[in-house]
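Asks: Attaching a single structure in structure tokens format; questions to follow.
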Amino acid sequence: MLAICYTRVRRVLVLIAVVSLLGVPSAAAEPVDEHSPVVRASAVEWASFAADEVIAPAAGEVAPPSDPTEPTGQIEAATVPEALIAASSRRWPSGRLTRVHGSDQVAIASAVARRGWPRRARYAVLATADRRVEALAAAGLAGAVRAPLLLTPRLRMAGSVVRDLRRLRPRRVFVVGSPGRAVARAVRRLRLPLTRVGAGQRAPGVAWAAARTARRLGADTRTLVVVNGRSLHSAASAAALAAHGRHPIVFAGRGTRRAVLRNRLAELRTRKVIVLAGRGQISGWLFRRAARVRRVHRFQAERAATAIADLGRRRGLAGSPVVVRAGDQTAAVAAGVWAGARKSAPLLVVSGRMVSDHLASWLALRRARVSAVVGRADAVPRLTVCQLGAGQDRSWRCAEGELARQGYNTGRVDGRTDRQTVWAVYAFQKVAGLRVDGRFGQREWRALARNRRLPARRPDLGANHVEIDLRRQLILLIRDGHMAHAFHTSTGKPSTPTIRGAFTVYEKRGYRQPWNGIYKGIFWHGGYAIHGYPSVPLYPASHGCNRTYDGDQDFLWPKVFIGERVAVY
């Protein structure tokens with residue numbers, strides 16, 4: 001028994017000697033709860049760490065303290081103000097949104113076809129995915145015959161389209177415009193009747209050929225939707241309007257000859273024209289001689305879509321709107337056919353990182369509930385989808401979710417304003433360069449859309465490290481060379497400043513020290529640590545360490561590892 005005790009004492013003495021020789025700060029001077037985890041660097045690990053780079057205090061600065069830990073005694077406690085959501089909000093009916101998405105234009109059109117025509121369809125219309133003008137002409141035909149609009153590459157048949165045709169088993173497939181022979185052969189191999197529409201013609205000829213085909217199949221050509229082929233910012237909304245009324249879509253530019261335009265309108269027996277373009281973009285004869293002309297023109301995509309939606313609502317297009325991203329182009333046209341033909345709903349357009357003031361005002365005034373969002377999975381921002389579903393453009397739950405995605409610890413995303421909310425807003429305001437007051441108003445919403453990230457100041461420390469910004473009072477967690485998370489902190493006060501330089505994490509203690517209130521300390525140099533504390537004011541107030549809120553420390557503690565580099569500047 002004496003031999004065993006002697007061996008254990010000798011091992012402890014040897015370990016203490018090695019630690020003292022290597023200069024590793026010892027935690028033996030502070031009591032440790034035997035049930036709490038303590039993670040320290042071993043002697044071998046410490047020998048492999050980079051040496052600390054301590055920056056001496058500048059002239060006039062107070063020297064950092066030799067003992068930076070919080071003093072023992074009464075622990076400071078500060079009252080935390082409640083977060084104030086001060087942004088005005090527009091409201092409209094909320095509801096669950098249907099997400100229809102795919103990896104590209106072809107996949108999105110196939111997903112729309114599966115949603116709108118889950119079983120069979122009498123007809124199917126094929127168009128080229130990379131030519132929006134031809135896709136819009138095909139949309140007029142597809143809407144007139146209540147058929148899905150499928151998109152395919154010009155020189156080959158996409159596999160998803162083959163599967164859609166096998167599922168739909170249409171009586172006839174209309175191939176509109178420029179799809180190549182390989183596409184026609186693929187349709188014939190499926191033993192489906194095929195009709196080429198406008199093959200070998202330019203876009204205006206394709207549109208008029210599709211209109212004549214639609215008229216033979218029962219379309220209402222007494223009204224035509226006329227657009228300018230060079231200005232298609234309202235193309236998707238035009239597809240929804242035309243599909244609802246079974247009206248073909250044709251093109252007419254400023255240089256379209258008067259005789260040609262007159263003969264084609266007479267051939268289709270057109271009495272009314274809906275012009276979705278400006279007067280300078282369409283032949284003036286159309287406005288002077290056509291029996292009835294209704295013109296809708298806006299230069300911006302969102303405003304054009306809402307103006308067309310207002311026109312459609314007066315014509316019975318009053319269903320729950322479908323929303324697409326402005327840049328999805330041909331897939332948005334396919335979504336317009338689905339919205340108008342199957343849902344009797346207008347198609348709206350979003351752009352930017354959140355719901356615009358114009359679209360929010362339109363939805364609130366019309367009391368319109370959005371039913372579906374169409375586009376690539378990452379095309380429509382999550383914040384926009386959340387706002388549309390919540391029925392509110394300034395929903396705090398949506399802002400909280402976006403803050404969490406941008407790297408701020410909001411805790412559970414539940415739409416409640418708690419203490420953790422305040423600390424997240426503090427960190428966000430500091431990164432965004434706003435006044436730090438814990439209030440989330442209009443200026444914060446605008447900054448949220450910009451998604452500002454602070455650049456890594458010490459990329460030489462590696463792709464993954466921690467940075468402590470003394471001027472901004474921020475802790476930045478750098479991952480893959482970029483700011484992944486930001487936390488509000490309170491560093492050393494002027495009389496006991498935080499030391500500057502580059503250091504290495506050597507110890508982590510997963511417990512609260514009862515004598516000074518330090519919670520889950522992450523030690524990076526001679527007692528300096530990032531730790532939780534009851535009081536974390538908006539100014540430097542610590543004894544040299546970096547205070548954080550306990551909830552932030554719970555989030556940060558498992559993400560920082562022993563040996564990770566820490567830059568303080």
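Residue numbering restarts at 1 in every chain; chains get A, B, ... in the order shown in the structure tokens, and ligands count up from 1 in that same order.
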Which parts of region 331-477 of chain A does DSSP call strand (DSSP E) when run on the backbone here, written out as a list in words?
Replies: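 Strand (DSSP E) members of region 331-477 of chain A, listed: Leu347, Leu348, Val349, Val350, Ala372, Val373, Val374, Arg439, Phe440, His465, Val466, Glu467, Ile468, Asp469, Leu474, Ile475, Leu476 and Leu477 of chain A.
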Asks: As a count of residues only, please: the residues near region 110-116 of chain A (cut-off 8 Å, only C-alpha atoms, same-chain neighbours under 6 positions excluded).
Replies: 15
Asks: Using 10 Å as the limit and counting only C-alpha atoms, can you tabulate each residue of region 187-228 of chain A that touches region 292-314 of chain A, with its shortest atom-to-atom distance in Å and the two atoms involved, as CSV?
Replies:
residue,atom,partner,partner_atom,distance
A:Thr223,CA,A:Arg292,CA,9.4
A:Leu224,CA,A:Val293,CA,9.9
A:Val225,CA,A:Arg294,CA,9.6
A:Val226,CA,A:Arg295,CA,9.4
A:Val227,CA,A:His297,CA,10.0
Asks: Restrict the selected residues to N, CA, C and O atoms and save them as a short mmCIF file (atom, residue, chain, number, x, y, z; two decimals), in the first residue's frame.
Replies:
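File written: part.cif
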data_model
loop_
_atom_site.label_atom_id
_atom_site.label_comp_id
_atom_site.auth_asym_id
_atom_site.auth_seq_id
_atom_site.Cartn_x
_atom_site.Cartn_y
_atom_site.Cartn_z
N THR A 223 -59.89 38.17 -77.77
CA THR A 223 -58.99 39.01 -76.98
C THR A 223 -57.59 38.46 -77.11
O THR A 223 -57.38 37.25 -76.92
N LEU A 224 -56.63 39.31 -77.44
CA LEU A 224 -55.23 38.92 -77.54
C LEU A 224 -54.42 39.68 -76.49
O LEU A 224 -54.69 40.84 -76.18
N VAL A 225 -53.41 38.99 -75.97
CA VAL A 225 -52.42 39.63 -75.09
C VAL A 225 -51.20 39.93 -75.95
O VAL A 225 -50.58 39.03 -76.49
N VAL A 226 -50.90 41.21 -76.08
CA VAL A 226 -49.80 41.65 -76.94
C VAL A 226 -48.67 42.18 -76.07
O VAL A 226 -48.89 43.04 -75.20
N VAL A 227 -47.47 41.66 -76.30
CA VAL A 227 -46.29 42.11 -75.57
C VAL A 227 -45.21 42.48 -76.56
O VAL A 227 -45.28 42.14 -77.74
#
Asks: Near Thr98 (chain A), within 8 Å and counting only C-alpha atoms, which residues show up once chain neighbours fewer than 2 positions away are dropped, as a ChimeraX atom specification?
Replies: /A:96,100,371-373
Asks: Quick one: write out the picked residues with all heavy atoms as a PDB file, in the first residue's frame?
Replies:
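Listed below is the output, selection34.pdb:
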ATOM      1  N   ARG A  96     -50.078  28.509 -44.863  1.00  0.00           N
ATOM      2  CA  ARG A  96     -48.968  27.628 -45.207  1.00  0.00           C
ATOM      3  C   ARG A  96     -48.672  27.742 -46.705  1.00  0.00           C
ATOM      4  O   ARG A  96     -49.574  27.624 -47.534  1.00  0.00           O
ATOM      5  CB  ARG A  96     -49.308  26.185 -44.834  1.00  0.00           C
ATOM      6  CG  ARG A  96     -48.154  25.206 -45.043  1.00  0.00           C
ATOM      7  CD  ARG A  96     -48.566  23.810 -44.625  1.00  0.00           C
ATOM      8  NE  ARG A  96     -47.495  22.861 -44.799  1.00  0.00           N
ATOM      9  CZ  ARG A  96     -46.549  22.627 -43.910  1.00  0.00           C
ATOM     10  NH1 ARG A  96     -46.580  23.281 -42.756  1.00  0.00           N
ATOM     11  NH2 ARG A  96     -45.590  21.752 -44.130  1.00  0.00           N
ATOM     12  N   VAL A 100     -42.603  24.997 -54.613  1.00  0.00           N
ATOM     13  CA  VAL A 100     -42.392  24.253 -55.851  1.00  0.00           C
ATOM     14  C   VAL A 100     -41.038  24.690 -56.387  1.00  0.00           C
ATOM     15  O   VAL A 100     -40.868  25.835 -56.812  1.00  0.00           O
ATOM     16  CB  VAL A 100     -43.502  24.544 -56.885  1.00  0.00           C
ATOM     17  CG1 VAL A 100     -43.288  23.714 -58.137  1.00  0.00           C
ATOM     18  CG2 VAL A 100     -44.876  24.269 -56.284  1.00  0.00           C
ATOM     19  N   SER A 371     -50.279  31.640 -51.882  1.00  0.00           N
ATOM     20  CA  SER A 371     -50.475  30.190 -51.745  1.00  0.00           C
ATOM     21  C   SER A 371     -49.241  29.381 -52.096  1.00  0.00           C
ATOM     22  O   SER A 371     -49.070  28.277 -51.583  1.00  0.00           O
ATOM     23  CB  SER A 371     -51.632  29.739 -52.639  1.00  0.00           C
ATOM     24  OG  SER A 371     -51.340  29.996 -54.003  1.00  0.00           O
ATOM     25  N   ALA A 372     -48.375  29.879 -52.989  1.00  0.00           N
ATOM     26  CA  ALA A 372     -47.246  29.075 -53.447  1.00  0.00           C
ATOM     27  C   ALA A 372     -46.085  29.976 -53.827  1.00  0.00           C
ATOM     28  O   ALA A 372     -46.261  31.130 -54.221  1.00  0.00           O
ATOM     29  CB  ALA A 372     -47.650  28.204 -54.639  1.00  0.00           C
ATOM     30  N   VAL A 373     -44.878  29.428 -53.708  1.00  0.00           N
ATOM     31  CA  VAL A 373     -43.651  30.094 -54.132  1.00  0.00           C
ATOM     32  C   VAL A 373     -42.934  29.143 -55.077  1.00  0.00           C
ATOM     33  O   VAL A 373     -42.695  27.976 -54.735  1.00  0.00           O
ATOM     34  CB  VAL A 373     -42.744  30.435 -52.937  1.00  0.00           C
ATOM     35  CG1 VAL A 373     -41.432  31.043 -53.415  1.00  0.00           C
ATOM     36  CG2 VAL A 373     -43.456  31.388 -51.995  1.00  0.00           C
TER      37      VAL A 373
END
Asks: Quick one: residues within 9 Å of Arg376 (chain A), only C-alpha atoms, excluding same-chain residues fewer than 2 positions away - as a list in words?
Replies: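 Final neighbour list, sorted by chain and number: Val100, His101, Gly102, Ser103, Asp104, Gln105, Ala107, Ile108, Arg325, Asp328, Val374, Asp378, Ala379 and Val380 of chain A.
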Asks: Pick out the residues sitting within 7 Å of region 155-159 of chain A, and hand them over as an mmCIF file with all heavy atoms, in the first residue's frame; count only C-alpha atoms, and ignore anything fewer than 2 positions along from it in its own chain.
Replies:
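Produced file around.cif, reproduced below:
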data_model
loop_
_atom_site.group_PDB
_atom_site.id
_atom_site.type_symbol
_atom_site.label_atom_id
_atom_site.label_comp_id
_atom_site.auth_asym_id
_atom_site.auth_seq_id
_atom_site.Cartn_x
_atom_site.Cartn_y
_atom_site.Cartn_z
ATOM 1 N N THR A 152 -37.296 22.058 -72.112
ATOM 2 C CA THR A 152 -36.248 21.094 -72.407
ATOM 3 C C THR A 152 -35.104 21.795 -73.103
ATOM 4 O O THR A 152 -35.311 22.844 -73.740
ATOM 5 C CB THR A 152 -36.788 19.952 -73.294
ATOM 6 O OG1 THR A 152 -35.773 18.972 -73.490
ATOM 7 C CG2 THR A 152 -37.235 20.492 -74.635
ATOM 8 N N PRO A 153 -33.874 21.290 -73.008
ATOM 9 C CA PRO A 153 -32.791 21.857 -73.814
ATOM 10 C C PRO A 153 -33.101 21.742 -75.306
ATOM 11 O O PRO A 153 -33.864 20.869 -75.730
ATOM 12 C CB PRO A 153 -31.580 21.011 -73.427
ATOM 13 C CG PRO A 153 -31.909 20.472 -72.070
ATOM 14 C CD PRO A 153 -33.393 20.261 -72.061
ATOM 15 N N VAL A 161 -38.410 15.430 -68.518
ATOM 16 C CA VAL A 161 -39.520 15.654 -69.438
ATOM 17 C C VAL A 161 -40.038 14.325 -69.972
ATOM 18 O O VAL A 161 -41.258 14.143 -70.133
ATOM 19 C CB VAL A 161 -39.081 16.584 -70.587
ATOM 20 C CG1 VAL A 161 -40.210 16.782 -71.585
ATOM 21 C CG2 VAL A 161 -38.625 17.925 -70.026
ATOM 22 N N VAL A 162 -39.144 13.391 -70.243
ATOM 23 C CA VAL A 162 -39.569 12.052 -70.689
ATOM 24 C C VAL A 162 -40.447 11.410 -69.630
ATOM 25 O O VAL A 162 -41.510 10.832 -69.931
ATOM 26 C CB VAL A 162 -38.335 11.177 -70.993
ATOM 27 C CG1 VAL A 162 -38.769 9.738 -71.282
ATOM 28 C CG2 VAL A 162 -37.563 11.744 -72.176
ATOM 29 N N ARG A 163 -40.037 11.522 -68.381
ATOM 30 C CA ARG A 163 -40.845 10.941 -67.297
ATOM 31 C C ARG A 163 -42.190 11.649 -67.172
ATOM 32 O O ARG A 163 -43.215 11.001 -66.919
ATOM 33 C CB ARG A 163 -40.069 11.016 -65.990
ATOM 34 C CG ARG A 163 -38.856 10.103 -65.938
ATOM 35 C CD ARG A 163 -38.266 10.036 -64.546
ATOM 36 N NE ARG A 163 -37.645 11.308 -64.165
ATOM 37 C CZ ARG A 163 -36.391 11.639 -64.413
ATOM 38 N NH1 ARG A 163 -35.607 10.791 -65.068
ATOM 39 N NH2 ARG A 163 -35.895 12.799 -64.022
ATOM 40 N N PRO A 179 -36.997 23.664 -80.551
ATOM 41 C CA PRO A 179 -36.431 22.383 -80.117
ATOM 42 C C PRO A 179 -36.007 21.540 -81.316
ATOM 43 O O PRO A 179 -36.692 21.485 -82.333
ATOM 44 C CB PRO A 179 -37.577 21.726 -79.341
ATOM 45 C CG PRO A 179 -38.374 22.867 -78.824
ATOM 46 C CD PRO A 179 -38.310 23.905 -79.906
ATOM 47 N N GLY A 180 -34.838 20.881 -81.231
ATOM 48 C CA GLY A 180 -34.250 20.186 -82.370
ATOM 49 C C GLY A 180 -34.904 18.851 -82.681
ATOM 50 O O GLY A 180 -35.864 18.416 -82.044
ATOM 51 N N ALA A 182 -33.741 15.935 -82.191
ATOM 52 C CA ALA A 182 -33.598 14.930 -81.131
ATOM 53 C C ALA A 182 -34.792 14.963 -80.186
ATOM 54 O O ALA A 182 -35.245 13.922 -79.699
ATOM 55 C CB ALA A 182 -32.307 15.169 -80.356
ATOM 56 N N VAL A 183 -35.336 16.145 -79.945
ATOM 57 C CA VAL A 183 -36.516 16.260 -79.089
ATOM 58 C C VAL A 183 -37.718 15.617 -79.756
ATOM 59 O O VAL A 183 -38.487 14.864 -79.120
ATOM 60 C CB VAL A 183 -36.795 17.748 -78.768
ATOM 61 C CG1 VAL A 183 -38.093 17.890 -77.976
ATOM 62 C CG2 VAL A 183 -35.639 18.355 -77.984
ATOM 63 N N ALA A 186 -37.437 11.871 -79.611
ATOM 64 C CA ALA A 186 -37.724 11.346 -78.272
ATOM 65 C C ALA A 186 -39.228 11.267 -78.028
ATOM 66 O O ALA A 186 -39.727 10.314 -77.408
ATOM 67 C CB ALA A 186 -37.056 12.228 -77.222
#
Asks: Residues near region 247-251 of chain A, anyone? I mean within 8 Å using only C-alpha atoms, not counting same-chain ones fewer than 5 positions away, as a list in words.
Replies: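 My list of contacting residues is Leu136, Ala137, Ala139, Gly140, Leu141, Gly143, Ala144, Ala203, Pro204, Ala207, Trp208, Ala210, Ala211, Ala214, Ala219, Asp220, Thr221, Thr223, Leu224, Val225, Val226, Val227, Asn228, Gly229, Ala239 and Ala242 of chain A.
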Asks: Write out, as a CSV table (one decimal), in the first residue's frame, the residues just selected, with N, CA and C atoms.
Replies:
chain,number,residue,atom,x,y,z
A,136,LEU,N,-42.7,32.1,-73.8
A,136,LEU,CA,-43.9,32.9,-73.6
A,136,LEU,C,-44.9,32.6,-74.7
A,137,ALA,N,-44.5,32.5,-75.9
A,137,ALA,CA,-45.4,32.1,-77.0
A,137,ALA,C,-46.1,30.8,-76.7
A,139,ALA,N,-46.5,29.5,-73.8
A,139,ALA,CA,-47.4,29.7,-72.7
A,139,ALA,C,-48.8,30.1,-73.1
A,140,GLY,N,-48.9,30.9,-74.2
A,140,GLY,CA,-50.2,31.3,-74.7
A,140,GLY,C,-51.0,30.1,-75.2
A,141,LEU,N,-50.3,29.2,-75.9
A,141,LEU,CA,-50.9,28.0,-76.4
A,141,LEU,C,-51.3,27.0,-75.3
A,143,GLY,N,-51.8,27.7,-72.1
A,143,GLY,CA,-52.9,28.2,-71.3
A,143,GLY,C,-54.3,28.1,-72.0
A,144,ALA,N,-54.2,28.3,-73.4
A,144,ALA,CA,-55.5,28.2,-74.1
A,144,ALA,C,-56.0,26.8,-74.1
A,203,ALA,N,-39.2,34.6,-83.4
A,203,ALA,CA,-40.1,34.6,-82.2
A,203,ALA,C,-41.5,35.2,-82.6
A,204,PRO,N,-41.6,36.3,-83.3
A,204,PRO,CA,-43.0,36.8,-83.6
A,204,PRO,C,-43.8,35.8,-84.4
A,207,ALA,N,-45.1,33.0,-82.3
A,207,ALA,CA,-46.2,33.4,-81.4
A,207,ALA,C,-47.5,33.4,-82.3
A,208,TRP,N,-47.5,34.0,-83.5
A,208,TRP,CA,-48.7,34.0,-84.3
A,208,TRP,C,-49.1,32.6,-84.7
A,210,ALA,N,-48.6,29.9,-82.9
A,210,ALA,CA,-49.2,29.3,-81.7
A,210,ALA,C,-50.6,29.8,-81.5
A,211,ALA,N,-50.8,31.1,-81.8
A,211,ALA,CA,-52.2,31.7,-81.7
A,211,ALA,C,-53.1,31.0,-82.7
A,214,ALA,N,-53.9,27.6,-81.3
A,214,ALA,CA,-54.8,27.7,-80.2
A,214,ALA,C,-56.3,28.0,-80.6
A,219,ALA,N,-59.5,28.3,-78.4
A,219,ALA,CA,-59.0,29.4,-77.6
A,219,ALA,C,-59.9,30.6,-77.9
A,220,ASP,N,-60.0,31.5,-77.0
A,220,ASP,CA,-60.7,32.8,-77.1
A,220,ASP,C,-59.8,33.8,-77.8
A,221,THR,N,-59.8,33.9,-79.1
A,221,THR,CA,-58.9,34.8,-79.8
A,221,THR,C,-59.6,36.2,-80.0
A,223,THR,N,-59.9,38.2,-77.8
A,223,THR,CA,-59.0,39.0,-77.0
A,223,THR,C,-57.6,38.5,-77.1
A,224,LEU,N,-56.6,39.3,-77.4
A,224,LEU,CA,-55.2,38.9,-77.5
A,224,LEU,C,-54.4,39.7,-76.5
A,225,VAL,N,-53.4,39.0,-76.0
A,225,VAL,CA,-52.4,39.6,-75.1
A,225,VAL,C,-51.2,39.9,-75.9
A,226,VAL,N,-50.9,41.2,-76.1
A,226,VAL,CA,-49.8,41.7,-76.9
A,226,VAL,C,-48.7,42.2,-76.1
A,227,VAL,N,-47.5,41.7,-76.3
A,227,VAL,CA,-46.3,42.1,-75.6
A,227,VAL,C,-45.2,42.5,-76.6
A,228,ASN,N,-44.2,43.2,-76.1
A,228,ASN,CA,-43.1,43.5,-76.9
A,228,ASN,C,-42.0,42.5,-76.6
A,229,GLY,N,-41.5,41.9,-77.7
A,229,GLY,CA,-40.5,40.8,-77.6
A,229,GLY,C,-39.2,41.2,-77.0
A,239,ALA,N,-48.3,35.5,-68.7
A,239,ALA,CA,-48.7,34.1,-68.9
A,239,ALA,C,-49.9,33.7,-68.1
A,242,ALA,N,-53.1,35.5,-69.5
A,242,ALA,CA,-53.6,34.9,-70.8
A,242,ALA,C,-54.1,33.5,-70.5
Asks: Using only C-alpha atoms, which of A:Ala399, A:Val333, A:Val566, A:Leu194 sits nearest Arg382 (chain A)?
Replies: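 Checking each of A:Ala399, A:Val333, A:Val566, A:Leu194 against Arg382 (chain A), counting only C-alpha atoms, the winner is A:Ala399.
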